[in-house]
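Student: There's a structure below that I have some questions on.
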Amino acid sequence: MLANKRILLIVAGGIAAYKTPDLVRRLRERGATVRCILTSSGAQFVSPLTLGAISEDRVYDNLLSLTDEYEMGHINLSRQADALLVAPATANLLAKMAQGLADDLATTVLLATDKPVLAAPAMNVQMWNHPATQVNLNTLASRGVKLIGPNEGDMACGEYGMGRMSEPLEITTTLEDFFAANKRLAGRRALVTSGPTYEPIDPIRYIANRSSGKQGHAIARALSNLGTKTTLVTGPTQQPDPPGVQVVHVESARQMLAACEAALPADIAVCAAAVADWRIDTEANQKLKKEAGSHPSPLVMVENPDILQTLSNTKTTRPGLVIGFAAETQNVIVNAKSKLAQKGCDWIIANNVSSEIGTFAGEANTVHLVTSEGVEDWPRLSKVEVGRRLADRIADTFETSHG
Ligand code: CTP
């Protein structure tokens, strides 16, 4: 049930840390790979050697290790995980998470992550009942941290009550349920376009645009995380291929259209690519030379196929839900509404791509969801979060109207 899932396990300083080698073993038995971060107080209860041997990986413990930062980096530790699991989650670590502190590797990774976080609290019953802890737990739950346990029982301190860490098997089962419940779009097929297109002038030169592919790739990944079989057709970008997604690399708009048509049928199509509207009429076979004293000949352009419009108007294989983007620098909503009608798609995600807002190269996006029912303004979010929200909205729609 946890096949191919990558768990980043954060072990904090509580007596329950002695159970974590068993937890690592249970997770790995189910197919997960486990990488451990051990806090300095966690290392008082379980040794890095034990966790390293059981996880068959090195154990990370020091934020300021130049070697670690060079080889892996704290951001990559989170990037290379599907979920973060904090076990045991001590009262102290939970308080730091609630406050957004980042004073060691564990807390820094927890603050820098965009992955789901699950936490298995473990502490003395008085600490558990303390209003400060309860407020922190509510704060974390409201931010989406999933709490596992704790259980009631005898404690190492001799008291009895709430605060015992859930058993490794319970934690493992919760993780299995967590990943299974997230597959709201299992059985659906999705097609996503991303990145710019390159329109060739001659074998050396091309016309392109500034799209980074970050938004399209994040959408493909989010849909895949909800269980869709996803094909991502992308122009040239610096983005890594999202794991579990079938990626088709193309350059020109015409190649992108051909790859999209080959990927049909699909239930969902999201056109996030910044497709060039025009291409050079006749691409030169040889490099265009600069003739001394002459002016360059004007480039003759012809219109490219519109991929979004083509998919929206495909007869038998039209995806059930076709979503386009509207990249605008002015009159964002008005232009997006007319694009919705003109292209024949079901939803438009409108965004302002004026250079002063920095949407194209940046990590964040402020978008508006335009449908026949109206306009929804989303707050400024990371592109990853826009991808997640969109995937959730798509899942809501399929659950209510597509059956
Ligand atoms: N699109 C497409 N194929 C094209 C042009 C655009 O699939 N040849 C898609 C984009 O992926 C996006 C939507 O159409 O989902 C709108 O793209 P945008 O660049 O905002 O608009 P254009 O259609 O190019 O219109 P304009 O340049 O006039 O704003």
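By convention in this document, the chains of the structure tokens carry letters A, B, ... by their order, each chain's residues are numbered from 1, and ligands are numbered from 1 in the order they are shown.
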Would you mind listing, for every residue of chain A within 6 Å of ligand 1, the two atoms forming the shortest contact and the distance between them in Å to one decimal, using only C-alpha atoms and all ligand atoms, sorted by chain and ascending residue number, as a tab-separated table?
Tutor:
residue	atom	partner	partner_atom_place_in_ligand_line	distance
A:Cys271	CA	ligand 1	11 (O)	4.3
A:Ala272	CA	ligand 1	11 (O)	4.6
A:Ala273	CA	ligand 1	11 (O)	4.3
A:Ala274	CA	ligand 1	11 (O)	5.2
A:Val275	CA	ligand 1	4 (C)	4.7
A:Ala276	CA	ligand 1	8 (N)	5.7
A:Asp277	CA	ligand 1	8 (N)	4.7
A:Asn304	CA	ligand 1	8 (N)	5.4
A:Pro305	CA	ligand 1	8 (N)	5.1
A:Asp306	CA	ligand 1	8 (N)	3.5
A:Ile307	CA	ligand 1	7 (O)	3.6
A:Leu308	CA	ligand 1	7 (O)	3.7
A:Gly324	CA	ligand 1	15 (O)	3.5
A:Phe325	CA	ligand 1	15 (O)	3.7
A:Ala326	CA	ligand 1	20 (O)	3.6
A:Ala327	CA	ligand 1	20 (O)	3.7
Student: Write to file, as an mmCIF file, in the first residue's frame, the residues of the selection just made, with C-alpha atoms.
Tutor:
data_model
loop_
_atom_site.group_PDB
_atom_site.id
_atom_site.type_symbol
_atom_site.label_atom_id
_atom_site.label_comp_id
_atom_site.auth_asym_id
_atom_site.auth_seq_id
_atom_site.Cartn_x
_atom_site.Cartn_y
_atom_site.Cartn_z
ATOM 1 C CA CYS A 271 -3.854 23.764 -21.138
ATOM 2 C CA ALA A 272 -1.299 25.705 -19.131
ATOM 3 C CA ALA A 273 1.310 26.025 -21.892
ATOM 4 C CA ALA A 274 2.206 29.422 -23.263
ATOM 5 C CA VAL A 275 1.772 28.361 -26.865
ATOM 6 C CA ALA A 276 3.146 30.728 -29.512
ATOM 7 C CA ASP A 277 0.261 32.198 -31.455
ATOM 8 C CA ASN A 304 -0.413 28.316 -35.095
ATOM 9 C CA PRO A 305 -3.149 25.822 -34.294
ATOM 10 C CA ASP A 306 -4.958 26.632 -31.046
ATOM 11 C CA ILE A 307 -4.567 23.535 -28.899
ATOM 12 C CA LEU A 308 -7.114 24.538 -26.248
ATOM 13 C CA GLY A 324 -7.548 26.817 -20.196
ATOM 14 C CA PHE A 325 -5.471 29.677 -18.849
ATOM 15 C CA ALA A 326 -5.772 33.309 -19.752
ATOM 16 C CA ALA A 327 -2.468 35.125 -19.523
#
Student: So which residues touch stretch 22-32 of chain A within 7 Å, counting only C-alpha atoms, skipping near sequence neighbours fewer than 2 positions away, as a list in words?
Tutor: Met1, Leu2, Ala3, Asn4, Lys5, Arg6, Ile7, Lys19, Thr20, Val34, Ile54, Ser55, Pro168, Leu169 and Thr172 of chain A
Student: Could you write those residues out with N, CA and C atoms, as a PDB file, in the first residue's frame?
Tutor:
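The resulting file, selection-v7.pdb, is reproduced below:
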ATOM      1  N   MET A   1       0.816  -1.227   0.000  1.00  0.00           N
ATOM      2  CA  MET A   1       0.000   0.000   0.000  1.00  0.00           C
ATOM      3  C   MET A   1       0.844   1.270   0.000  1.00  0.00           C
ATOM      4  N   LEU A   2       2.084   1.150   0.409  1.00  0.00           N
ATOM      5  CA  LEU A   2       2.934   2.356   0.412  1.00  0.00           C
ATOM      6  C   LEU A   2       4.003   2.278  -0.678  1.00  0.00           C
ATOM      7  N   ALA A   3       3.748   1.434  -1.684  1.00  0.00           N
ATOM      8  CA  ALA A   3       4.757   1.239  -2.731  1.00  0.00           C
ATOM      9  C   ALA A   3       5.124   2.571  -3.366  1.00  0.00           C
ATOM     10  N   ASN A   4       6.401   2.791  -3.513  1.00  0.00           N
ATOM     11  CA  ASN A   4       6.956   4.005  -4.141  1.00  0.00           C
ATOM     12  C   ASN A   4       6.722   5.286  -3.349  1.00  0.00           C
ATOM     13  N   LYS A   5       6.161   5.200  -2.159  1.00  0.00           N
ATOM     14  CA  LYS A   5       5.973   6.427  -1.374  1.00  0.00           C
ATOM     15  C   LYS A   5       7.269   6.733  -0.636  1.00  0.00           C
ATOM     16  N   ARG A   6       7.623   8.003  -0.644  1.00  0.00           N
ATOM     17  CA  ARG A   6       8.871   8.426   0.007  1.00  0.00           C
ATOM     18  C   ARG A   6       8.510   9.214   1.261  1.00  0.00           C
ATOM     19  N   ILE A   7       8.873   8.646   2.401  1.00  0.00           N
ATOM     20  CA  ILE A   7       8.514   9.265   3.679  1.00  0.00           C
ATOM     21  C   ILE A   7       9.765   9.901   4.289  1.00  0.00           C
ATOM     22  N   LYS A  19      10.799   3.706  19.601  1.00  0.00           N
ATOM     23  CA  LYS A  19       9.952   2.890  18.715  1.00  0.00           C
ATOM     24  C   LYS A  19      10.199   3.177  17.232  1.00  0.00           C
ATOM     25  N   THR A  20      10.996   4.209  16.935  1.00  0.00           N
ATOM     26  CA  THR A  20      11.075   4.615  15.524  1.00  0.00           C
ATOM     27  C   THR A  20      11.826   3.623  14.622  1.00  0.00           C
ATOM     28  N   VAL A  34      12.228   5.308   3.321  1.00  0.00           N
ATOM     29  CA  VAL A  34      12.200   6.189   4.496  1.00  0.00           C
ATOM     30  C   VAL A  34      13.558   6.850   4.654  1.00  0.00           C
ATOM     31  N   ILE A  54      18.578   0.707   9.681  1.00  0.00           N
ATOM     32  CA  ILE A  54      17.226   0.198   9.386  1.00  0.00           C
ATOM     33  C   ILE A  54      16.648   0.861   8.135  1.00  0.00           C
ATOM     34  N   SER A  55      16.951   2.151   7.938  1.00  0.00           N
ATOM     35  CA  SER A  55      16.401   2.835   6.752  1.00  0.00           C
ATOM     36  C   SER A  55      17.269   2.600   5.518  1.00  0.00           C
ATOM     37  N   PRO A 168       3.757   1.856  16.131  1.00  0.00           N
ATOM     38  CA  PRO A 168       4.251   1.925  14.745  1.00  0.00           C
ATOM     39  C   PRO A 168       3.261   1.379  13.715  1.00  0.00           C
ATOM     40  N   LEU A 169       2.571   0.297  14.057  1.00  0.00           N
ATOM     41  CA  LEU A 169       1.632  -0.283  13.095  1.00  0.00           C
ATOM     42  C   LEU A 169       0.437   0.650  12.855  1.00  0.00           C
ATOM     43  N   THR A 172       1.587   3.410  10.640  1.00  0.00           N
ATOM     44  CA  THR A 172       1.731   2.910   9.270  1.00  0.00           C
ATOM     45  C   THR A 172       0.367   2.814   8.593  1.00  0.00           C
TER      46      THR A 172
END
Student: For the atom pair atom CA of A:Asn351 and atom CA of A:Trp278, what is the interatomic distance in Å to one decimal place?
Tutor: 21.4 Å
Student: Can you pull out every residue within 8 Å of A:Gln246, counting only C-alpha atoms, but drop anything in the same chain fewer than 4 positions away, and send it as a PyMOL selection string?
Tutor: chain A and resi 230-232
Student: How would the residues just picked look written out with N, CA, C and O atoms as a short mmCIF file (atom, residue, chain, number, x, y, z; two decimals), in the first residue's frame?
Tutor:
data_model
loop_
_atom_site.label_atom_id
_atom_site.label_comp_id
_atom_site.auth_asym_id
_atom_site.auth_seq_id
_atom_site.Cartn_x
_atom_site.Cartn_y
_atom_site.Cartn_z
N THR A 230 -1.70 10.54 -15.79
CA THR A 230 -1.48 11.88 -16.34
C THR A 230 -0.44 11.89 -17.45
O THR A 230 0.64 11.31 -17.29
N THR A 231 -0.77 12.55 -18.56
CA THR A 231 0.23 12.82 -19.60
C THR A 231 0.50 14.31 -19.58
O THR A 231 -0.43 15.12 -19.63
N LEU A 232 1.78 14.64 -19.49
CA LEU A 232 2.19 16.05 -19.50
C LEU A 232 2.93 16.30 -20.82
O LEU A 232 3.94 15.66 -21.10
#
Student: Just list as a PyMOL selection string whatever in stretch 106-310 of chain A DSSP marks as strand (DSSP E).
Tutor: chain A and resi 117-121+146-147+151-154+160-164+189-194+199-200+206-207+229-234+246-249+268-271+278-280+301-303
Student: Do a neighbour search on A:Thr397 at 12 Å with only C-alpha atoms, toss out local chain neighbours closer than 6 positions, and write the hits as a list in words.
Tutor: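 My reading of the contact set: Arg184, Leu185, Asp267, Ile268, Gly320, Leu321, Asp346, Trp347, Leu390, Ala391 and Gly403 of chain A.
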Student: Please identify all polymer residues within 10 Å of A:Val250, counting only C-alpha atoms, omitting same-chain residues fewer than 6 positions from it, and present them as a PyMOL selection string.
Tutor: chain A and resi 195-198+233-236+256-259
Student: Would you compute the distance between atom CA of A:Cys36 and atom CA of A:Leu8? Give it in Å to one decimal.
Tutor: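 Separating atom CA of A:Cys36 from atom CA of A:Leu8 is a distance of 5.9 Å.
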Student: So, with only C-alpha atoms as the atoms that count, which of A:Lys383, A:Lys96, A:Lys146, A:Lys289 lies closest to A:Ala120?
Tutor: A:Lys146
Student: Among stretch 301-366 of chain A, which residues carry a DSSP assignment of helix (DSSP H, G or I), reported as a VMD selection string?
Tutor: chain A and resid 307 to 312 332 to 343
Student: Which neighbours of A:Glu261 fall inside 10 Å, counting only C-alpha atoms, when residues of the same chain fewer than 5 positions from it are skipped, and could you give them as a list of chain:residue names?
Tutor: A:Leu191, A:Gln255, A:Met256, A:Ala266, A:Ile307, A:Thr310, A:Leu311, A:Thr314, A:Thr317
Student: Create the file for the chosen residues now, containing N, CA, C and O atoms and written as an mmCIF file, in the first residue's frame.
Tutor:
data_model
loop_
_atom_site.group_PDB
_atom_site.id
_atom_site.type_symbol
_atom_site.label_atom_id
_atom_site.label_comp_id
_atom_site.auth_asym_id
_atom_site.auth_seq_id
_atom_site.Cartn_x
_atom_site.Cartn_y
_atom_site.Cartn_z
ATOM 1 N N LEU A 191 -4.736 15.164 -19.183
ATOM 2 C CA LEU A 191 -3.752 15.670 -20.148
ATOM 3 C C LEU A 191 -3.443 17.107 -19.745
ATOM 4 O O LEU A 191 -4.371 17.906 -19.542
ATOM 5 N N GLN A 255 3.934 20.379 -32.831
ATOM 6 C CA GLN A 255 4.308 19.127 -32.146
ATOM 7 C C GLN A 255 3.465 18.944 -30.886
ATOM 8 O O GLN A 255 3.055 17.840 -30.543
ATOM 9 N N MET A 256 3.200 20.064 -30.201
ATOM 10 C CA MET A 256 2.416 19.979 -28.961
ATOM 11 C C MET A 256 1.001 19.499 -29.258
ATOM 12 O O MET A 256 0.455 18.627 -28.574
ATOM 13 N N ALA A 266 -9.057 11.525 -22.855
ATOM 14 C CA ALA A 266 -8.762 11.920 -21.471
ATOM 15 C C ALA A 266 -10.045 12.468 -20.848
ATOM 16 O O ALA A 266 -10.924 12.954 -21.567
ATOM 17 N N ILE A 307 -4.427 24.877 -29.488
ATOM 18 C CA ILE A 307 -4.567 23.535 -28.899
ATOM 19 C C ILE A 307 -5.800 23.476 -27.996
ATOM 20 O O ILE A 307 -6.599 22.542 -28.060
ATOM 21 N N THR A 310 -8.875 23.467 -30.082
ATOM 22 C CA THR A 310 -9.018 22.185 -30.795
ATOM 23 C C THR A 310 -9.539 21.111 -29.833
ATOM 24 O O THR A 310 -10.478 20.378 -30.161
ATOM 25 N N LEU A 311 -8.940 21.034 -28.634
ATOM 26 C CA LEU A 311 -9.389 20.006 -27.676
ATOM 27 C C LEU A 311 -10.836 20.257 -27.258
ATOM 28 O O LEU A 311 -11.625 19.329 -27.110
ATOM 29 N N THR A 314 -13.141 19.048 -30.069
ATOM 30 C CA THR A 314 -12.992 17.687 -30.607
ATOM 31 C C THR A 314 -14.338 16.989 -30.470
ATOM 32 O O THR A 314 -14.982 17.084 -29.428
ATOM 33 N N THR A 317 -13.908 12.652 -28.965
ATOM 34 C CA THR A 317 -12.985 12.439 -27.839
ATOM 35 C C THR A 317 -12.799 13.693 -26.988
ATOM 36 O O THR A 317 -11.785 13.834 -26.313
#
Student: Determine the nearest neighbour of A:Asp392 from the options A:His368, A:Lys183, A:Arg79, A:Lys115, counting only C-alpha atoms.
Tutor: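 Smallest separation from A:Asp392 among the options: A:Lys183.
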Student: Quick one: everything within 9 Å of stretch 199-202 of chain A, counting only C-alpha atoms, minus sequence neighbours fewer than 2 positions away in the same chain. Send it as a ChimeraX atom specification.
Tutor: /A:197,204-208,251-253,276,278-288,299
Student: With only C-alpha atoms as the basis for distance, which of A:Ser194, A:Arg210, A:Lys337, A:Met127 is at the shortest distance from A:His249?
Tutor: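 The shortest atom-to-atom distance to A:His249 comes from A:Ser194.
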Student: Quick one: of A:Ala98, A:Val270, A:Leu110, A:Leu381, who's nearest to A:Ala141, counting only C-alpha atoms?
Tutor: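 Comparing A:Ala98, A:Val270, A:Leu110, A:Leu381 against A:Ala141, the winner is A:Ala98.
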